[in-house]
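Okay, data.txt now, which holds compact mmCIF, C-alpha atoms:
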# COMPACT_ATOMS: atom_id res chain seq x y z
CA MET A 1 -158.80 -172.13 -24.11
CA LYS A 2 -155.72 -172.04 -22.04
CA LYS A 3 -153.56 -175.07 -21.72
CA ARG A 4 -152.71 -176.12 -18.23
CA LYS A 5 -149.10 -176.32 -17.46
CA ARG A 6 -148.29 -179.75 -16.14
CA GLY A 7 -145.60 -180.20 -13.55
CA SER A 8 -142.74 -182.41 -14.43
CA PRO A 9 -142.95 -185.94 -13.00
CA PHE A 10 -139.83 -185.24 -10.98
CA SER A 11 -141.02 -182.09 -9.31
CA LEU A 12 -139.83 -181.06 -5.88
CA THR A 13 -143.09 -182.18 -4.23
CA TYR A 14 -142.70 -185.75 -5.48
CA VAL A 15 -139.10 -185.90 -4.33
CA PHE A 16 -139.97 -184.69 -0.82
CA ALA A 17 -142.96 -187.04 -0.56
CA SER A 18 -140.96 -190.09 -1.55
CA PHE A 19 -138.09 -189.06 0.77
CA PHE A 20 -140.54 -188.62 3.65
CA GLY A 21 -142.14 -192.02 2.93
CA ALA A 22 -138.76 -193.76 2.87
CA LEU A 23 -137.80 -192.01 6.10
CA MET A 24 -141.00 -193.24 7.78
CA VAL A 25 -140.39 -196.84 6.69
CA ALA A 26 -136.75 -196.73 7.83
CA GLY A 27 -137.78 -195.20 11.17
CA ALA A 28 -140.42 -197.87 11.79
CA PHE A 29 -137.95 -200.63 10.91
CA ALA A 30 -135.28 -199.21 13.23
CA TYR A 31 -137.76 -198.80 16.10
CA TYR A 32 -139.09 -202.36 15.91
CA ASN A 33 -135.60 -203.75 15.44
CA TYR A 34 -134.50 -201.89 18.59
CA LYS A 35 -137.54 -203.07 20.60
CA PHE A 36 -136.93 -206.68 19.56
CA SER A 37 -133.25 -206.55 20.49
CA GLU A 38 -133.96 -204.81 23.80
CA TYR A 39 -134.77 -208.14 25.41
CA LYS A 40 -132.08 -210.81 25.39
CA PHE A 41 -132.04 -214.52 24.60
CA PHE A 42 -130.43 -217.27 26.66
CA ASP A 43 -129.95 -220.93 25.71
CA PHE A 44 -129.79 -223.38 28.62
CA SER A 45 -128.31 -226.09 26.38
CA GLU A 46 -125.17 -223.96 25.88
CA HIS A 47 -124.73 -223.09 29.57
CA THR A 48 -124.92 -225.50 32.50
CA PHE A 49 -126.68 -224.61 35.74
CA TYR A 50 -126.70 -226.92 38.74
CA MET A 51 -129.41 -227.66 41.27
CA GLN A 52 -128.52 -229.36 44.57
CA ASN A 53 -127.66 -232.77 43.02
CA ASP A 54 -128.62 -232.49 39.35
CA ILE A 55 -128.12 -230.41 36.26
CA PHE A 56 -130.96 -227.95 35.71
CA VAL A 57 -133.09 -228.70 32.65
CA PRO A 58 -135.89 -226.16 32.04
CA LYS A 59 -139.37 -227.67 31.84
CA SER A 60 -141.72 -224.73 32.34
CA GLU A 61 -142.79 -222.33 29.60
CA LYS A 62 -142.07 -219.30 31.80
CA TYR A 63 -139.79 -218.62 34.73
CA THR A 64 -139.25 -215.66 36.99
CA VAL A 65 -135.47 -215.36 37.27
CA LEU A 66 -134.22 -214.12 40.63
CA VAL A 67 -130.53 -213.18 40.72
CA TYR A 68 -129.18 -212.80 44.25
CA SER A 69 -126.26 -213.67 46.51
CA SER A 70 -126.95 -216.04 49.40
CA ASN A 71 -124.07 -214.37 51.23
CA MET A 72 -126.09 -211.14 51.34
CA GLN A 73 -129.76 -212.17 51.16
CA ASN A 74 -132.06 -215.11 51.77
CA SER A 75 -133.90 -216.34 48.68
CA LYS A 76 -137.08 -217.02 50.70
CA ASP A 77 -137.24 -213.45 51.98
CA ILE A 78 -136.65 -212.02 48.52
CA SER A 79 -139.07 -214.36 46.77
CA GLN A 80 -141.87 -213.30 49.15
CA LYS A 81 -141.51 -209.79 47.73
CA LEU A 82 -142.10 -211.18 44.24
CA VAL A 83 -145.71 -211.58 43.22
CA LYS A 84 -145.22 -213.97 40.33
CA GLU A 85 -147.26 -216.86 39.03
CA ASN A 86 -144.30 -218.63 37.42
CA PRO A 87 -141.76 -220.91 39.07
CA ILE A 88 -138.88 -218.86 40.48
CA LEU A 89 -135.46 -219.74 39.12
CA ALA A 90 -133.18 -218.43 41.91
CA ILE A 91 -129.64 -217.98 40.60
CA ASP A 92 -127.19 -217.73 43.50
CA LEU A 93 -124.06 -215.73 42.70
CA TYR A 94 -122.40 -217.00 45.90
CA GLN A 95 -122.60 -220.49 44.35
CA LYS A 96 -124.17 -222.38 47.26
CA ARG A 97 -126.49 -225.26 46.41
CA PHE A 98 -129.74 -225.30 48.35
CA LYS A 99 -132.69 -227.64 48.31
CA GLY A 100 -135.68 -226.34 46.36
CA GLU A 101 -138.80 -225.28 48.26
CA ASP A 102 -142.31 -224.43 47.07
CA SER A 103 -141.98 -222.97 43.59
CA ILE A 104 -138.36 -221.86 44.09
CA ILE A 105 -135.73 -223.67 42.03
CA PRO A 106 -132.29 -222.70 43.40
CA VAL A 107 -129.52 -223.00 40.82
CA THR A 108 -125.91 -221.92 40.48
CA SER A 109 -123.11 -222.41 38.03
CA GLY A 110 -119.43 -221.83 37.45
CA MET A 111 -118.12 -218.27 37.54
CA ASN A 112 -117.69 -218.04 33.74
CA THR A 113 -121.33 -219.00 33.15
CA LEU A 114 -122.55 -216.62 35.84
CA LEU A 115 -120.53 -213.76 34.33
CA GLN A 116 -121.90 -214.50 30.86
CA PHE A 117 -125.43 -214.56 32.28
CA ILE A 118 -124.93 -211.24 34.10
CA GLN A 119 -123.42 -209.60 31.02
CA ARG A 120 -126.08 -210.96 28.69
CA PHE A 121 -128.90 -209.43 30.72
CA ASN A 122 -126.99 -206.29 31.81
CA ILE A 123 -127.47 -206.87 35.53
CA TYR A 124 -125.88 -204.13 37.62
CA LYS A 125 -127.51 -204.53 41.04
CA ILE A 126 -128.73 -207.51 43.03
CA PRO A 127 -131.16 -208.80 44.09
CA CYS A 128 -133.13 -208.39 40.89
CA ALA A 129 -135.79 -210.31 39.02
CA PHE A 130 -137.19 -210.61 35.51
CA GLU A 131 -139.31 -213.02 33.52
CA ILE A 132 -138.13 -215.33 30.76
CA LYS A 133 -140.33 -217.20 28.31
CA ARG A 134 -139.53 -220.24 26.17
CA PHE A 135 -138.69 -219.19 22.64
CA ARG A 136 -137.63 -222.47 21.08
CA GLY A 137 -136.49 -225.69 22.76
CA THR A 138 -134.12 -224.74 25.57
CA GLN A 139 -133.77 -221.17 24.31
CA TYR A 140 -135.55 -218.57 26.43
CA LYS A 141 -136.23 -214.89 25.76
CA GLN A 142 -136.39 -212.14 28.35
CA ASN A 143 -140.05 -211.20 28.71
CA SER A 144 -139.92 -208.24 31.13
CA HIS A 145 -137.71 -205.47 32.36
CA ILE A 146 -135.19 -206.18 35.10
CA GLU A 147 -136.68 -205.14 38.43
CA VAL A 148 -134.32 -204.39 41.33
CA ILE A 149 -135.79 -205.73 44.58
CA GLU A 150 -135.38 -203.45 47.60

As C-alpha cells - that is how I would like this structure written.
Amino acid sequence: MKKRKRGSPFSLTYVFASFFGALMVAGAFAYYNYKFSEYKFFDFSEHTFYMQNDIFVPKSEKYTVLVYSSNMQNSKDISQKLVKENPILAIDLYQKRFKGEDSIIPVTSGMNTLLQFIQRFNIYKIPCAFEIKRFRGTQYKQNSHIEVIE
C-alpha cells in the first residue's frame, strides 16, 4: 500500500483561501461603513432655526427639507412640485420669516448656522429637497438623496 502524501497545514491553498476570506470581510465592512456615512446627521438642539415668531422645535418623526431662497423662488410654487407625505421644513437662505401654511413650516437661521447646514448636507444647487428622519431626540438623519427641483 502506498502512503498518501499529506499537504502541509500551511500550504499555498490555505493561505490564499484565508486571505480571500479576510478580503471579503474587510470589503463588506468598508461598503456598509460607506453606505452608513453617506447620509448625514443633524441635531436641532445644537443649531437654532427660527419660525416667524418662535424658535423651531421638531415634533414630527419625518420632515421633507426644502432648501431655497425666497429672493429667487416662492416656497409655495416649489412645494407643489414635491409629492411628499411629510411636513415640509422650508429653509429660506434669504432669511425672511414667513407665516406657515398648510404643511409648510418656513424656517431660517443665522448665516453661520445656514452655512453649517449647507456644508453638512453638501448642497450645491437650490432649490433642493431631501427627507430627514428622527434618529434620537432632536437628532435627525438624512433619509434620502438630495433632489434638485427644476

> Quick one: residues within 9 Å of A:Tyr63, all atoms listed in the file counted, chain neighbours fewer than 2 positions away excluded, as a list in words?
Replying inline: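 In the requested form, the answer reads Pro58, Ser60, Glu61, Val65, Glu85, Asn86, Pro87, Ile88, Leu89, Phe130, Glu131, Ile132, Lys133 and Arg134 of chain A.
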
> atom CA of A:Tyr68 and atom CA of A:Tyr140 are how many Å apart?
Replying inline: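 Calculated distance between atom CA of A:Tyr68 and atom CA of A:Tyr140 is 19.8 Å.
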
So that I can see what lies close to A:Gln139, please list as a PDB file with C-alpha atoms, in the coordinates of the input the residues with an atom at most 9 Å from it, counting only C-alpha atoms and leaving out residues fewer than 3 positions away in the same chain.
ATOM      1  CA  PHE A  41    -132.040-214.520  24.600  1.00  0.00           C
ATOM      2  CA  PHE A  42    -130.430-217.270  26.660  1.00  0.00           C
ATOM      3  CA  ASP A  43    -129.950-220.930  25.710  1.00  0.00           C
ATOM      4  CA  PHE A  44    -129.790-223.380  28.620  1.00  0.00           C
ATOM      5  CA  SER A  45    -128.310-226.090  26.380  1.00  0.00           C
ATOM      6  CA  LYS A 133    -140.330-217.200  28.310  1.00  0.00           C
ATOM      7  CA  ARG A 134    -139.530-220.240  26.170  1.00  0.00           C
ATOM      8  CA  PHE A 135    -138.690-219.190  22.640  1.00  0.00           C
ATOM      9  CA  ARG A 136    -137.630-222.470  21.080  1.00  0.00           C
TER      10      ARG A 136
END

> Suppose you want the space between atom CA of A:Ser69 and atom CA of A:Tyr39; what is it in Å?
Replying inline: 23.4 Å

> Pick from A:His145, A:Lys96, A:Arg120, A:Lys125: nearest to A:Phe49, with all atoms listed in the file counted?
Replying inline: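 For A:Phe49, the nearest of the candidates is A:Lys96.
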
Which residues come within 12 Å of stretch 106-118 of chain A, counting all atoms listed in the file, excluding same-chain residues fewer than 6 positions away, as a PDB file with C-alpha atoms, in the coordinates of the input?
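Just written: selection_28.pdb:
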ATOM      1  CA  LYS A  40    -132.080-210.810  25.390  1.00  0.00           C
ATOM      2  CA  PHE A  41    -132.040-214.520  24.600  1.00  0.00           C
ATOM      3  CA  PHE A  42    -130.430-217.270  26.660  1.00  0.00           C
ATOM      4  CA  ASP A  43    -129.950-220.930  25.710  1.00  0.00           C
ATOM      5  CA  PHE A  44    -129.790-223.380  28.620  1.00  0.00           C
ATOM      6  CA  GLU A  46    -125.170-223.960  25.880  1.00  0.00           C
ATOM      7  CA  HIS A  47    -124.730-223.090  29.570  1.00  0.00           C
ATOM      8  CA  THR A  48    -124.920-225.500  32.500  1.00  0.00           C
ATOM      9  CA  PHE A  49    -126.680-224.610  35.740  1.00  0.00           C
ATOM     10  CA  TYR A  50    -126.700-226.920  38.740  1.00  0.00           C
ATOM     11  CA  MET A  51    -129.410-227.660  41.270  1.00  0.00           C
ATOM     12  CA  GLN A  52    -128.520-229.360  44.570  1.00  0.00           C
ATOM     13  CA  ASN A  53    -127.660-232.770  43.020  1.00  0.00           C
ATOM     14  CA  ASP A  54    -128.620-232.490  39.350  1.00  0.00           C
ATOM     15  CA  ILE A  55    -128.120-230.410  36.260  1.00  0.00           C
ATOM     16  CA  PHE A  56    -130.960-227.950  35.710  1.00  0.00           C
ATOM     17  CA  VAL A  57    -133.090-228.700  32.650  1.00  0.00           C
ATOM     18  CA  PRO A  58    -135.890-226.160  32.040  1.00  0.00           C
ATOM     19  CA  THR A  64    -139.250-215.660  36.990  1.00  0.00           C
ATOM     20  CA  VAL A  65    -135.470-215.360  37.270  1.00  0.00           C
ATOM     21  CA  LEU A  66    -134.220-214.120  40.630  1.00  0.00           C
ATOM     22  CA  VAL A  67    -130.530-213.180  40.720  1.00  0.00           C
ATOM     23  CA  TYR A  68    -129.180-212.800  44.250  1.00  0.00           C
ATOM     24  CA  SER A  69    -126.260-213.670  46.510  1.00  0.00           C
ATOM     25  CA  SER A  70    -126.950-216.040  49.400  1.00  0.00           C
ATOM     26  CA  ASN A  74    -132.060-215.110  51.770  1.00  0.00           C
ATOM     27  CA  SER A  75    -133.900-216.340  48.680  1.00  0.00           C
ATOM     28  CA  LYS A  76    -137.080-217.020  50.700  1.00  0.00           C
ATOM     29  CA  SER A  79    -139.070-214.360  46.770  1.00  0.00           C
ATOM     30  CA  PRO A  87    -141.760-220.910  39.070  1.00  0.00           C
ATOM     31  CA  ILE A  88    -138.880-218.860  40.480  1.00  0.00           C
ATOM     32  CA  LEU A  89    -135.460-219.740  39.120  1.00  0.00           C
ATOM     33  CA  ALA A  90    -133.180-218.430  41.910  1.00  0.00           C
ATOM     34  CA  ILE A  91    -129.640-217.980  40.600  1.00  0.00           C
ATOM     35  CA  ASP A  92    -127.190-217.730  43.500  1.00  0.00           C
ATOM     36  CA  LEU A  93    -124.060-215.730  42.700  1.00  0.00           C
ATOM     37  CA  TYR A  94    -122.400-217.000  45.900  1.00  0.00           C
ATOM     38  CA  GLN A  95    -122.600-220.490  44.350  1.00  0.00           C
ATOM     39  CA  LYS A  96    -124.170-222.380  47.260  1.00  0.00           C
ATOM     40  CA  ARG A  97    -126.490-225.260  46.410  1.00  0.00           C
ATOM     41  CA  PHE A  98    -129.740-225.300  48.350  1.00  0.00           C
ATOM     42  CA  LYS A  99    -132.690-227.640  48.310  1.00  0.00           C
ATOM     43  CA  GLY A 100    -135.680-226.340  46.360  1.00  0.00           C
ATOM     44  CA  TYR A 124    -125.880-204.130  37.620  1.00  0.00           C
ATOM     45  CA  LYS A 125    -127.510-204.530  41.040  1.00  0.00           C
ATOM     46  CA  ILE A 126    -128.730-207.510  43.030  1.00  0.00           C
ATOM     47  CA  CYS A 128    -133.130-208.390  40.890  1.00  0.00           C
ATOM     48  CA  ALA A 129    -135.790-210.310  39.020  1.00  0.00           C
ATOM     49  CA  GLN A 142    -136.390-212.140  28.350  1.00  0.00           C
ATOM     50  CA  ILE A 146    -135.190-206.180  35.100  1.00  0.00           C
TER      51      ILE A 146
END

>> Report, in Å to a single decimal, how far apart atom CA of A:Gln80 and atom CA of A:Ile104 are.
In response: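 Atom CA of A:Gln80 lies 10.5 Å from atom CA of A:Ile104.
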